[in-house]
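Here is the structure we will look at.
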Amino acid sequence: HGAEPGRHLPLTSTGLGRIGFPAGRVRARLCPMGSKKKDSAEGAPLSELLRLPHGAVDMASLDARATPGYPGKGKEDAPVHTAGLGRRLSDLQEMLYAGGRAAPEVSPRVLVVLQGMDTSGKGGVIRHAIGLVDPQGVDLTSFKAPSEEERKHHYLWRIRNALPRPGQIGIFDRSHYEDVLVVRVESLVPEDVWSTRYDEINEFEAGLVAEGYKLVKCMLNVSFDEQKARLAERLADPTKYWKYNPGDVDARKKWPAYMEAYAAALEKCNTEAAPWFVIPSDRKWYRNWAVAELLRETLAGMGLAWPAADFDVAVEKKRVAQS
């Protein structure tokens with residue numbers, strides 16, 4: 001994260017402007033005061049309900065236990081509703097994949113960015129939501145601390161190297177946002193370095209969209225209390241010791257600093273080209289359903305179609321019949 005060499009390398013850019021809206025809209029949109037039935041009755045797509053409005057972000061006002069747009073009763077029927085997305089997701093993903101095989105030069109790509117504090121459920125989303133689609137059409141990358149080779153390059157170098165191929169759904173478990181989150185809080189580079197990265201990220205993402213990528217940026221919002229409970233669960237179960245990282249407790253001591261860093265990343269990198277979706281994540285069942293539904297909406301809105309045959313179908317039918 002602290003690599004200096006090449007940090008001003010030119011990036012693909014379309015030049016984004018900055019747009020601001022009243023900060024009050026953040027609370028109104030992401031902390032619905034009405035019931036789940038009201039959200040469903042309004043018929044608004046989940047992408048609209050969870051999309052972060054432009055403007056100042058107050059992390060404390062984002063309700064991590066909310067369930068906007070959920071069509072069922074709650075945890076008891078969540079497996080049915082989530083599994084029900086499987087067939088639709090599978091068909092859409094296969095269509096995307098087929099397009100990538102038939103015409104890779106013009107095929108779109110989808111990139112799902114999963115960002116959140118430890119225990120927010122990035123792994124759970126990958127298993128239960130992304131796991132609904134065919135793994136051969138998924139490119140998964142988990143970003144840890146940069147390697148010695150990665151430190152020699154611009155911080156976005158390893159991100160571009162991991163971008164999904166034509167027709168693929170790319171999943172980033174953590175992402176380039178680590179370079180304005182952990183890098184900022186842990187002072188891994190000076191402020192005059194990380195503070196310039198918000199604009200660089202916006203330019204980078206706008207360039208990806210111009211190249212045909214569809215970005216789905218999900219901030220998995222887990223509360224301070226829920227994180228504590230999940231860490232305790234890991235220590236209470238020997239089969240989950242491998243998930244526990246003592247460093248997570250150290251990070252909890254810096255929770256206010258991390259929330260400040262997240263607020264800045266959400267506010268400064270919430271563009272029309274690549275908006276943020278804030279996923280309430282204290283309820284695992286809702287989190288998994290929500291990301292799966294967001295992905296379904298994204299694919300359904302891309303105008304995907306099955307590739308036309310590049311051969312004479314009638315002739316080939318006759319040949320098969322005679323074979």
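Quick note on naming: the chains in the structure tokens go A, B, ... in the order shown, residues restart at 1 in each chain, and ligands are numbered from 1 in order of appearance.
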
**Asked** Could you pull out the helix (DSSP H, G or I) residues of region 141-322 of chain A from DSSP and send them as a ChimeraX atom specification?
**Response** /A:148-151,157-161,176-180,182-185,191-194,197-210,224-236,238-243,247-252,255-268,284-300,313-322

What would the file look like if the residues just selected were written as a compact mmCIF listing (two decimals), in the first residue's frame with C-alpha atoms?
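Contents of the output file selection-v8.txt:
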```
# COMPACT_ATOMS: atom_id res chain seq x y z
CA GLU A 148 7.17 -6.75 -2.81
CA GLU A 149 6.58 -6.74 -6.57
CA GLU A 150 3.27 -4.89 -6.22
CA ARG A 151 4.89 -2.22 -4.05
CA TRP A 157 -1.42 -1.73 -11.00
CA ARG A 158 -2.44 -4.90 -9.18
CA ILE A 159 -6.10 -3.92 -9.47
CA ARG A 160 -5.97 -3.61 -13.24
CA ASN A 161 -4.12 -6.95 -13.44
CA HIS A 176 -8.29 -0.46 -4.36
CA TYR A 177 -10.23 1.23 -1.55
CA GLU A 178 -7.82 -0.30 0.95
CA ASP A 179 -5.43 2.39 -0.29
CA VAL A 180 -7.63 5.13 1.17
CA VAL A 182 -6.23 1.03 6.02
CA VAL A 183 -3.45 3.06 4.42
CA ARG A 184 -5.01 6.24 5.79
CA VAL A 185 -5.85 4.97 9.28
CA GLU A 191 -1.61 12.33 3.87
CA ASP A 192 -0.46 14.24 0.82
CA VAL A 193 -0.20 10.85 -0.93
CA TRP A 194 -3.45 9.12 0.07
CA ARG A 197 -6.13 8.93 -4.49
CA TYR A 198 -9.86 9.68 -4.37
CA ASP A 199 -9.69 11.57 -7.66
CA GLU A 200 -7.39 8.92 -9.12
CA ILE A 201 -9.86 6.20 -8.18
CA ASN A 202 -12.75 8.12 -9.74
CA GLU A 203 -10.79 8.53 -12.96
CA PHE A 204 -9.80 4.87 -12.93
CA GLU A 205 -13.37 3.67 -12.40
CA ALA A 206 -14.76 6.04 -15.02
CA GLY A 207 -12.21 4.63 -17.43
CA LEU A 208 -13.36 1.09 -16.66
CA VAL A 209 -16.97 2.01 -17.35
CA ALA A 210 -15.92 3.61 -20.64
CA PHE A 224 -19.49 -2.07 16.17
CA ASP A 225 -21.55 -4.28 18.50
CA GLU A 226 -22.26 -6.92 15.87
CA GLN A 227 -18.58 -7.13 14.96
CA LYS A 228 -17.78 -7.83 18.62
CA ALA A 229 -20.38 -10.60 18.72
CA ARG A 230 -19.01 -12.22 15.57
CA LEU A 231 -15.44 -12.11 16.86
CA ALA A 232 -16.63 -13.76 20.09
CA GLU A 233 -18.40 -16.47 18.06
CA ARG A 234 -15.16 -17.28 16.28
CA LEU A 235 -13.35 -17.72 19.59
CA ALA A 236 -16.14 -19.94 20.91
CA PRO A 238 -12.62 -24.28 17.30
CA THR A 239 -13.73 -24.73 13.68
CA LYS A 240 -13.67 -20.95 13.31
CA TYR A 241 -10.31 -20.20 14.94
CA TRP A 242 -8.79 -19.93 11.47
CA LYS A 243 -11.05 -16.95 10.78
CA GLY A 247 -5.32 -7.72 14.74
CA ASP A 248 -9.07 -7.25 14.42
CA VAL A 249 -9.25 -6.27 18.09
CA ASP A 250 -6.52 -3.70 17.52
CA ALA A 251 -8.52 -2.31 14.60
CA ARG A 252 -11.61 -2.02 16.84
CA TRP A 255 -13.13 2.25 14.89
CA PRO A 256 -13.83 6.04 14.82
CA ALA A 257 -10.84 6.57 12.53
CA TYR A 258 -11.97 3.76 10.24
CA MET A 259 -15.51 5.16 10.11
CA GLU A 260 -14.09 8.56 9.19
CA ALA A 261 -12.04 6.93 6.44
CA TYR A 262 -15.05 5.00 5.14
CA ALA A 263 -17.20 8.13 5.17
CA ALA A 264 -14.60 9.92 3.05
CA ALA A 265 -14.27 7.03 0.58
CA LEU A 266 -18.04 6.73 0.22
CA GLU A 267 -18.57 10.46 -0.18
CA LYS A 268 -15.67 11.24 -2.48
CA LYS A 284 -26.44 -12.08 7.40
CA TRP A 285 -29.51 -13.45 5.67
CA TYR A 286 -30.49 -10.00 4.39
CA ARG A 287 -26.94 -9.14 3.34
CA ASN A 288 -26.64 -12.27 1.19
CA TRP A 289 -30.06 -11.81 -0.41
CA ALA A 290 -29.40 -8.13 -1.08
CA VAL A 291 -26.10 -8.66 -2.91
CA ALA A 292 -27.61 -11.49 -4.97
CA GLU A 293 -30.57 -9.30 -5.92
CA LEU A 294 -28.27 -6.38 -6.79
CA LEU A 295 -26.31 -8.65 -9.09
CA ARG A 296 -29.51 -9.92 -10.68
CA GLU A 297 -30.75 -6.37 -11.28
CA THR A 298 -27.38 -5.41 -12.75
CA LEU A 299 -27.29 -8.31 -15.19
CA ALA A 300 -30.96 -7.92 -16.11
CA VAL A 313 -28.49 -23.99 -38.31
CA ALA A 314 -30.61 -25.90 -40.84
CA VAL A 315 -27.56 -27.42 -42.46
CA GLU A 316 -26.08 -28.44 -39.13
CA LYS A 317 -29.36 -30.02 -38.00
CA LYS A 318 -29.34 -32.12 -41.16
CA ARG A 319 -25.73 -33.09 -40.67
CA VAL A 320 -26.36 -34.16 -37.07
CA ALA A 321 -29.39 -36.19 -38.09
CA GLN A 322 -27.36 -37.98 -40.74
```

**Request:** Would you please extract all strand (DSSP E or B) residues from region 108-166 of chain A, as assigned by DSSP on the backbone, and give them as an MDAnalysis selection string?
**Result:** chainID A and resid 109:116 138:142

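Closest approach to Leu114 (chain A) from the set A:Met302, A:Leu140, A:Val133, A:Leu62 is made by A:Leu140, with distances taken over only C-alpha atoms.
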
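Considering only C-alpha atoms, the residue among A:Tyr155, A:Tyr97, A:Tyr70, A:Phe172 positioned nearest to Gly116 (chain A) is A:Phe172.
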
**Item:** Gly100 (chain A) environment, 7 Å, only C-alpha atoms, sequence neighbours closer than 4 positions dropped, as a PyMOL selection string
**Value:** chain A and resi 96+104+107+166-167

Deliver the residues from the most recent selection as a file, using all heavy atoms, as a compact mmCIF listing (two decimals), in the first residue's frame.
```txt
# COMPACT_ATOMS: atom_id res chain seq x y z
N LEU A 96 -24.14 -13.78 -20.27
CA LEU A 96 -22.96 -12.92 -20.24
C LEU A 96 -21.72 -13.70 -20.66
O LEU A 96 -20.91 -13.23 -21.47
CB LEU A 96 -22.78 -12.37 -18.82
CG LEU A 96 -21.52 -11.53 -18.57
CD1 LEU A 96 -21.62 -10.19 -19.27
CD2 LEU A 96 -21.33 -11.31 -17.05
N PRO A 104 -15.48 -11.53 -27.61
CA PRO A 104 -14.78 -10.95 -26.46
C PRO A 104 -14.42 -9.48 -26.62
O PRO A 104 -14.33 -8.75 -25.64
CB PRO A 104 -13.53 -11.83 -26.34
CG PRO A 104 -13.34 -12.46 -27.67
CD PRO A 104 -14.73 -12.66 -28.20
N SER A 107 -17.71 -7.71 -25.60
CA SER A 107 -18.49 -8.25 -24.50
C SER A 107 -18.30 -7.42 -23.23
O SER A 107 -17.18 -7.05 -22.88
CB SER A 107 -18.08 -9.70 -24.23
OG SER A 107 -18.80 -10.21 -23.13
N PRO A 166 -13.49 -10.68 -20.52
CA PRO A 166 -14.78 -10.48 -21.21
C PRO A 166 -15.77 -11.57 -20.86
O PRO A 166 -15.44 -12.76 -20.86
CB PRO A 166 -14.39 -10.51 -22.69
CG PRO A 166 -12.98 -10.04 -22.72
CD PRO A 166 -12.35 -10.62 -21.48
N GLY A 167 -17.00 -11.16 -20.55
CA GLY A 167 -18.04 -12.12 -20.23
C GLY A 167 -17.98 -12.68 -18.82
O GLY A 167 -18.79 -13.53 -18.45
```
